[in-house]
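Quick notes on the structure that follows.
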Protein chains: 2
Amino acid sequence: MTKIAIVGYGNIGRAVEQAVNAAGDLELAGIYHHNDNLDDIKADVAVLCTPTREVPAFAEKLLARGICTVDSFDIHTQIAGLRARLMPIARNNNAVSIIAAGWDPGSDSVVRALLQAIAPNGITYTNFGPGRSMGHTVAAKAVPGVKDALSMTIPLGTSIHRRMVYVELEPGADFAAVEKAILSDDYFAHDETHVVAVPAIDTLNNVAHGVNLVRLGVSGTTHNQRFEFNMEINNPALTGQVLASCARAAARLQKEQRPGAYTLIEVAPIYLLPGDPEQLIRSLV
Amino acid sequence: MTKIAIVGYGNIGRAVEQAVNAAGDLELAGIYHHNDNLDDIKADVAVLCTPTREVPAFAEKLLARGICTVDSFDIHTQIAGLRARLMPIARNNNAVSIIAAGWDPGSDSVVRALLQAIAPNGITYTNFGPGRSMGHTVAAKAVPGVKDALSMTIPLGTSIHRRMVYVELEPGADFAAVEKAILSDDYFAHDETHVVAVPAIDTLNNVAHGVNLVRLGVSGTTHNQRFEFNMEINNPALTGQVLASCARAAARLQKEQRPGAYTLIEVAPIYLLPGDPEQLIRSLV
């Protein structure tokens, strides 16, 4: 049994707990709030479910103690940097860190890598949604006069998205001013954005999300190779499951004495799965 | 540059040649017909494009000489056995063999493994076609009175397929007898099969193929997670490209001193791609 600690207990932490309890080979070693003393953690792998910006410091501390870590760090432009930062700490302490292990970045990254390998020239379009964007929702909530907000990402194809921003106003707030502030925010200025005032955000909330990932490419010298990956999913449940499966993979890589920091495209898919490799090959290959 | 030998020069061998020539990091070291003397081969990796049944013996010989091999061995029930057979030879000679590396088995296997990892309970349906089935075409051609044949696989969903068998008859052959023989052949007896007489098979040939792979599953304790992978492709071009990309991966695994026999689900996707890992992570993760 691989012993799993969960650090951070919001939507994602709860989803990891469910995934760990559902897995026959993973055992919950403890749940730690992100302001707990992490020196108390005793586990093979710590799954970091804290806000993304807290991930690097937590990962460093735990790896330095030889505890493997898994996270769903999601700032795409900083993933390579996080990997470089954690790599020496993981290697020096014979630990494994699997970073950016949600669904995007994460399982979608594996699909993108696979499609680029089998059709090396071409364009991949990743179309998100419909679903709630955390980053855009936080940006809308920060606008003065906004009591609560929800920014939905609507896919328009070819990686172009519409933002539907629902706002619950503070009493007496001026909708026109709120709308203007949102439309001029850098988070929204580059996409088609619509701001809609609603009486209450709570009644709109829904953790559904989706992806439509399309590649038109060339295999060898043959054009018009067409690939498409779609999913319609419960967002925290999927993220929690990817994290739990990656915790298993981290323990395996550590056992094979391959310490280091990895993104999901650097991990053999079979490591994500429980059970005997020969049996997995018989059923999946 | 990784030096690639192509063994067998039919549709697949030609497609591998195109994919190797299109790759900046792979170099064609030679093309060998499957009855050539393989002792002459000088290469880092030999891509085996022979008939499937000849793959195991060729792979054994080349691995014993320390030459890595890649193949698209496609008898699903014998893949685990082939891996077990090649494993000690590869390990003893510091070579790598990547087996069953086409699109199914192959890249589809990676998608199936990934989807099982992110939604562990549920059912995956792999629906093939429309496209030509090599095995069924060969079986239909073997029926007395058949001059040429083409068996098309038509997907009906939930892994159920229809077989459309087009036959060009020998002069004087009895269509009813041919139809009866095909329908009672074990290859066709379990599927809905239609036999159609046509004046010429040549005018029907087309190397297009496709897949619709669907998983409905459970992540953690959350049901109704929906995933779908589709492709519409030129069959030999895709197979050739997968083989060429796996030749790159085999050379990398050898360089990292990880000899052995691998299926594609045991290979980290990043190994299939040329270029600097950090740059790949920046663009794909």
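Each chain in the structure tokens gets a letter, A, B and so on, in the order shown; residues start at 1 in every chain, and ligands are counted from 1 in the order they appear.
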
So that I can check the surroundings of Gly10 of chain B, please list as a ChimeraX atom specification every protein, DNA and RNA residue that reaches within 10 Å of it, counting only C-alpha atoms and ignoring chain neighbours fewer than 5 positions away. /B:15-16,33-34,49-51,236

Strand (DSSP E or B) residues, from DSSP on the backbone, in segment 67-246 of chain B, as a PyMOL selection string: chain B and resi 68-71+96-98+102-103+106+121-128+131-132+146-155+161-169+192-197+208-219+222-234

Report as CSV the residues of chain A within 6 Å of chain B, each with its shortest atom pair and distance in Å (one decimal), using only C-alpha atoms, ordered by chain and increasing residue number.
residue,atom,partner,partner_atom,distance
A:Gln18,CA,B:Gly220,CA,5.0
A:Ala19,CA,B:Gly220,CA,3.7
A:Pro105,CA,B:Val285,CA,5.4
A:Ser109,CA,B:Val285,CA,4.8
A:Ala117,CA,B:Leu273,CA,5.6
A:Ile118,CA,B:Val242,CA,5.3
A:Ser219,CA,B:Gln241,CA,5.5
A:Gly220,CA,B:Ala19,CA,3.7
A:Gln225,CA,B:Ile233,CA,4.8
A:Arg226,CA,B:Glu232,CA,5.2
A:Phe227,CA,B:Met231,CA,4.3
A:Glu228,CA,B:Asn230,CA,5.0
A:Phe229,CA,B:Phe229,CA,4.5
A:Asn230,CA,B:Glu228,CA,5.0
A:Met231,CA,B:Phe227,CA,4.3
A:Glu232,CA,B:Arg226,CA,5.2
A:Ile233,CA,B:Gln225,CA,4.8
A:Ala237,CA,B:Ser219,CA,5.7
A:Leu238,CA,B:Ser219,CA,5.6
A:Gln241,CA,B:Ser219,CA,5.5
A:Val242,CA,B:Ile118,CA,5.3
A:Ile265,CA,B:Pro269,CA,5.3
A:Glu266,CA,B:Ala268,CA,4.9
A:Val267,CA,B:Ala268,CA,4.7
A:Ala268,CA,B:Ala268,CA,3.9
A:Pro269,CA,B:Ile265,CA,5.3
A:Ile270,CA,B:Ile265,CA,5.5
A:Leu272,CA,B:Ala117,CA,5.8
A:Leu273,CA,B:Ala117,CA,5.6
A:Leu284,CA,B:Ser109,CA,5.7
A:Val285,CA,B:Ser109,CA,4.8

Serialized selection, C-alpha atoms, as a tab-separated table (two decimals), in the first residue's frame:
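New file part02.tsv:
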chain	number	residue	atom	x	y	z
A	18	GLN	CA	-12.43	9.97	-2.66
A	19	ALA	CA	-10.02	8.74	-5.35
A	105	PRO	CA	-2.03	20.91	-17.72
A	109	SER	CA	-0.84	17.43	-22.19
A	117	ALA	CA	4.36	12.32	-32.03
A	118	ILE	CA	2.02	10.57	-34.48
A	219	SER	CA	2.26	11.76	-40.63
A	220	GLY	CA	5.45	11.27	-42.65
A	225	GLN	CA	-4.59	13.17	-40.64
A	226	ARG	CA	-7.46	14.13	-38.30
A	227	PHE	CA	-7.63	13.60	-34.54
A	228	GLU	CA	-10.09	14.76	-31.92
A	229	PHE	CA	-10.29	14.29	-28.15
A	230	ASN	CA	-13.40	15.32	-26.23
A	231	MET	CA	-14.37	15.16	-22.62
A	232	GLU	CA	-17.32	16.32	-20.53
A	233	ILE	CA	-16.43	15.95	-16.89
A	237	ALA	CA	-13.38	14.85	-9.51
A	238	LEU	CA	-11.17	14.49	-12.58
A	241	GLN	CA	-8.34	11.32	-9.78
A	242	VAL	CA	-5.37	12.43	-11.93
A	265	ILE	CA	4.30	13.69	-20.50
A	266	GLU	CA	7.52	12.35	-18.92
A	267	VAL	CA	5.72	9.50	-17.14
A	268	ALA	CA	4.94	6.17	-18.81
A	269	PRO	CA	1.12	5.80	-18.75
A	270	ILE	CA	1.32	2.31	-17.23
A	272	LEU	CA	-0.56	5.55	-13.44
A	273	LEU	CA	-2.42	2.26	-13.19
A	284	LEU	CA	-5.12	-2.36	-22.65
A	285	VAL	CA	-2.61	-2.87	-25.48

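Coordinates place atom CA of Gly260 of chain A at a distance of 24.1 Å from atom CA of Asp276 of chain A.
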
Identify which of the residues A:Asn127, A:Ser97, A:Thr193, A:Asn205 lies closest to Leu82 of chain A, counting only C-alpha atoms when measuring atom-to-atom distances. A:Ser97

From the DSSP assignment of the backbone, select every residue of segment 24-238 of chain B that is alpha helix (DSSP H), and format the answer as number ranges by chain. B: 55-64, 79-92, 107-118, 134-141, 175-184, 186-189, 235-238

Give me, please, the distance in Å between atom CA of Ile182 of chain A and atom CA of Ala139 of chain A, quoted to one decimal. 8.1 Å

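For Ala5 of chain A, the non-local neighbours within 7 Å, defined as residues at least 5 positions apart in the same chain or in other chains and counting only C-alpha atoms, are Leu28, Ala29, Gly30, Ile31, Ala43, Val45, Ala46 and Val47 of chain A.
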
I'd like the contact shell of Tyr166 of chain B - 9 Å cut-off, only C-alpha atoms, skipping same-chain residues fewer than 2 positions apart - returned as a ChimeraX atom specification. /B:140,148-152,164,168,194-198,201,204

By how many Å are atom CA of Ile12 of chain B and atom CA of Leu48 of chain B apart?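 About the pair atom CA of Ile12 of chain B and atom CA of Leu48 of chain B: they are 9.2 Å apart.
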